[in-house]
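Colleague: Attaching a single structure in structure tokens format; questions to follow.
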Amino acid sequence: MVPPSTSVSGPAPDLANPGAPVRDRLGRRLHDLRISVTDRCNFRCTYCMPREIYGRDFAFLPRSEVLTFEEIERLARIFVAEGVEKLRVTGGEPLVRRDLPELIAMLAALRRPDGGPLDLTLTTNGSALRQLAQPLRDAGLGRVTVSLDSLDDDTFRAMNGVDYPVAKVLDGIVAAGEAGFGPIKVNMVVRRGVNETSILPMARWARDAGHILRFIEYMDVGHSNGWRLDEVVPAAEILATLDAELGLESVPPNYPGEVADRWAYRDSPGEVGVIASVSQPFCSACTRARLSADGKLYTCLFALDGADLRGPLRDGATDAELSEAIRAIWRIRADRYSELRSEATTNRPRIEMFAIGG
Ligand code: SAM
């Protein structure tokens with residue numbers, strides 16, 4: 001289903017120049033594609049896939065509905081021809097998808113229209129990195145981001161919902177370093193009353209190990225986590241905690257529209273970032289599209305529905321037809337959920353994060 005259009009006006013699409021990068025109604029380019037390769041995960045993080053809801057009886061997508069590697073590669077190639085320069089493989093937990101290095105090799109072989117390589121990266125909970133880091137690296141994966149919410153074993157086991165020991169994730173991160181990934185990014189979601197006391201230990205550990213730590217404000221994605229605004233620790237508070245102990249100074253973004261606000265340590269090498277999607281939304285610079293495991297294209301993390309690309313793909317659409325479908329969806333995009341967030345919007349139905357890809 002193509003998302004309904006809204007009354008927001010914006011720059012006229014460049015219909016006269018079909019080769020020009022497509023822009024949405026707010027003038028935003030299509031630059032990043034996040035590809036969810038599965039809706040399944042071996043963790044049950046309380047803020048994402050709480051165990052009470054996603055138990056043994058939960059019906060995940062049947063295999064026939066999940067895009068094959070060939071289908072993913074074909075769509076990715078079309079997106080790249082439309083100007084996408086960065087691919088992030090995600091899920092669910094991407095490393096539970098069988099033979100993932102094969103897909104990585106297929107994606108790593110794609111080239112931008114100017115012949116340059118893509119920025120190919122993957123977000124994982126790290127639990128299978130000891131086995132898979134080297135095969136992923138050998139397949140051509142460029143970078144890896146590991147989600148890790150605490151170094152404290154009890155806190156981590158409680159947050160991941162499956163009593164998974166933190167030592168195994170830390171070993172996975174070491175394996176990623178040994179395989180040649182670096183610097184490794186680590187994402188920590190901060191939830192008030194749950195893991196704020198982990199902020200400083202995580203910062204010290206990441207700084208000493210040379211990892212780039214990103215603190216993420218707890219977001220109202222999906223509905224099953226029962227999100228409340230008072231559980232969000234605002235980025236300003238996280239930064240004040242870090243600055244008081246470790247001393248920070250602001251660093252300019254790597255590129256326009258980078259979602260993380262970057263900070264360097266005043267007295268030692270290394271940097272941290274904050275992703276303040278609740279307290280300081282960055283919708284105006286959002287150039288990200290998301291492809292779900294069943295082939296729906298979402299133009300916002302907070303969308304209710306996506307546009308089905310799998311149907312036309314399996315019905316024999318040509319590359320040109322798929323390309324035009326993607327351009328048409330992007331042209332009418334006017335999403336800016338986080339900027340419009342309010343009590344009213346948090347009650348609106350929307351897709352769960354594990355289904356759409358984080
Ligand atoms: N399983 C992989 C992982 O753990 O990184 C990839 C998918 S996961 C949905 C991607 C990221 O979304 C993780 O860093 C996770 O912490 C984050 N996430 C999930 N729910 C969130 C929420 N409600 N607020 C902020 N971040 C969230």
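Simple scheme: letters A, B, ... for chains in structure tokens order, numbers from 1 for residues in each chain, numbers from 1 for ligands in the order shown.
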When DSSP works through the backbone of this structure, what residues of segment 37-143 of chain A end up as strand (DSSP E), shown as a VMD selection string?

Modeller: chain A and resid 86 to 90 119 to 124 143

Colleague: Distance limit 9 Å, reference ligand 1, atoms considered: only C-alpha atoms and all ligand atoms. Which residues make the cut? Give them as a ChimeraX atom specification.

Modeller: /A:36,39-43,45-49,89-95,122-126,145-149,186-191,216-222,225,227,277,352-358

Colleague: Here is a test: counting only C-alpha atoms, which residue of A:Ile332, A:Ala307, A:Leu107, A:Ala203 is nearest to Ser150 of chain A?

Modeller: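 So, comparing all the options, the nearest one is A:Ala203.
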
Colleague: By how many Å are atom CA of Ala128 of chain A and atom CA of Asp153 of chain A apart?

Modeller: 17.9 Å

Colleague: Which one of A:Gly295, A:Gly193, A:Gly142, A:Gly172 sits closest to Ile35 of chain A if you count only C-alpha atoms?

Modeller: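 Among the listed residues, the smallest separation from Ile35 of chain A belongs to A:Gly295.
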
Colleague: Neighbours of segment 315-329 of chain A within 9 Å (only C-alpha atoms; same-chain residues fewer than 3 positions away dropped), as an MDAnalysis selection string?

Modeller: chainID A and resid 2:3 22:24 74:75 78:79 81:82 297 299 307 309:312 332:333

Colleague: Could you write out the selected residues, including N, CA and C atoms, as a compact mmCIF listing (two decimals), in the first residue's frame?

Modeller:
# COMPACT_ATOMS: atom_id res chain seq x y z
N VAL A 2 0.60 2.15 -0.91
CA VAL A 2 1.36 3.39 -0.93
C VAL A 2 0.82 4.28 0.18
N PRO A 3 1.70 4.91 0.99
CA PRO A 3 1.21 5.70 2.11
C PRO A 3 0.31 6.83 1.64
N VAL A 22 16.02 11.70 -6.34
CA VAL A 22 14.65 11.97 -5.95
C VAL A 22 14.63 12.71 -4.61
N ARG A 23 13.71 13.66 -4.48
CA ARG A 23 13.55 14.40 -3.22
C ARG A 23 12.11 14.29 -2.76
N ASP A 24 11.93 14.32 -1.43
CA ASP A 24 10.57 14.22 -0.92
C ASP A 24 9.95 15.61 -0.82
N ARG A 74 18.42 -7.32 -5.35
CA ARG A 74 17.87 -6.59 -6.51
C ARG A 74 17.28 -5.25 -6.07
N LEU A 75 16.52 -5.27 -4.97
CA LEU A 75 15.95 -3.99 -4.51
C LEU A 75 17.06 -3.04 -4.08
N ILE A 78 18.55 -1.33 -6.97
CA ILE A 78 17.69 -0.28 -7.53
C ILE A 78 17.75 0.97 -6.64
N PHE A 79 17.74 0.77 -5.34
CA PHE A 79 17.87 1.91 -4.43
C PHE A 79 19.21 2.64 -4.66
N ALA A 81 20.91 2.77 -7.37
CA ALA A 81 20.82 3.53 -8.63
C ALA A 81 20.05 4.83 -8.42
N GLU A 82 19.17 4.83 -7.41
CA GLU A 82 18.39 6.04 -7.09
C GLU A 82 19.14 6.98 -6.15
N LEU A 297 8.28 -0.98 2.13
CA LEU A 297 9.12 0.20 2.24
C LEU A 297 8.46 1.20 3.20
N THR A 299 8.84 4.88 5.18
CA THR A 299 9.57 6.13 5.03
C THR A 299 9.77 6.84 6.37
N ALA A 307 4.82 0.56 2.03
CA ALA A 307 4.39 0.31 0.66
C ALA A 307 4.97 -1.03 0.22
N LEU A 309 6.66 -3.66 -1.80
CA LEU A 309 7.50 -3.82 -3.00
C LEU A 309 7.61 -5.29 -3.39
N ARG A 310 7.34 -6.19 -2.43
CA ARG A 310 7.48 -7.62 -2.73
C ARG A 310 6.46 -8.08 -3.77
N GLY A 311 5.23 -7.54 -3.66
CA GLY A 311 4.18 -7.91 -4.62
C GLY A 311 4.64 -7.67 -6.05
N PRO A 312 4.93 -6.40 -6.40
CA PRO A 312 5.38 -6.14 -7.77
C PRO A 312 6.65 -6.92 -8.14
N ILE A 332 6.25 11.62 -2.38
CA ILE A 332 5.11 12.11 -1.58
C ILE A 332 5.41 12.06 -0.08
N ARG A 333 6.64 11.67 0.27
CA ARG A 333 6.98 11.53 1.69
C ARG A 333 6.94 12.91 2.38

Colleague: Please identify every residue of segment 143-253 of chain A that has at least one atom no farther than 7 Å from an atom of segment 267-275 of chain A, counting only C-alpha atoms, and for each give the shortest atom pair and the distance in Å to one decimal, arranged by chain then increasing number, as CSV.

Modeller:
residue,atom,partner,partner_atom,distance
A:Arg207,CA,A:Gly270,CA,5.6
A:Gly210,CA,A:Gly270,CA,6.4
A:Ile212,CA,A:Val272,CA,5.7
A:Leu213,CA,A:Val272,CA,5.0
A:Arg214,CA,A:Gly273,CA,4.5
A:Phe215,CA,A:Val274,CA,4.7
A:Ile216,CA,A:Ile275,CA,4.8
A:Glu217,CA,A:Ile275,CA,6.3
A:Ala235,CA,A:Val274,CA,6.1

Colleague: Please produce a file of those selected residues containing C-alpha atoms, as a short mmCIF file (atom, residue, chain, number, x, y, z; two decimals), in the first residue's frame.

Modeller:
data_model
loop_
_atom_site.label_atom_id
_atom_site.label_comp_id
_atom_site.auth_asym_id
_atom_site.auth_seq_id
_atom_site.Cartn_x
_atom_site.Cartn_y
_atom_site.Cartn_z
CA ARG A 207 36.79 5.28 25.61
CA GLY A 210 38.54 2.80 21.41
CA ILE A 212 32.46 4.98 19.65
CA LEU A 213 29.58 4.95 22.11
CA ARG A 214 26.21 6.39 21.12
CA PHE A 215 23.60 7.02 23.77
CA ILE A 216 20.07 6.68 22.39
CA GLU A 217 17.04 8.30 23.96
CA ALA A 235 20.38 13.75 25.86
#
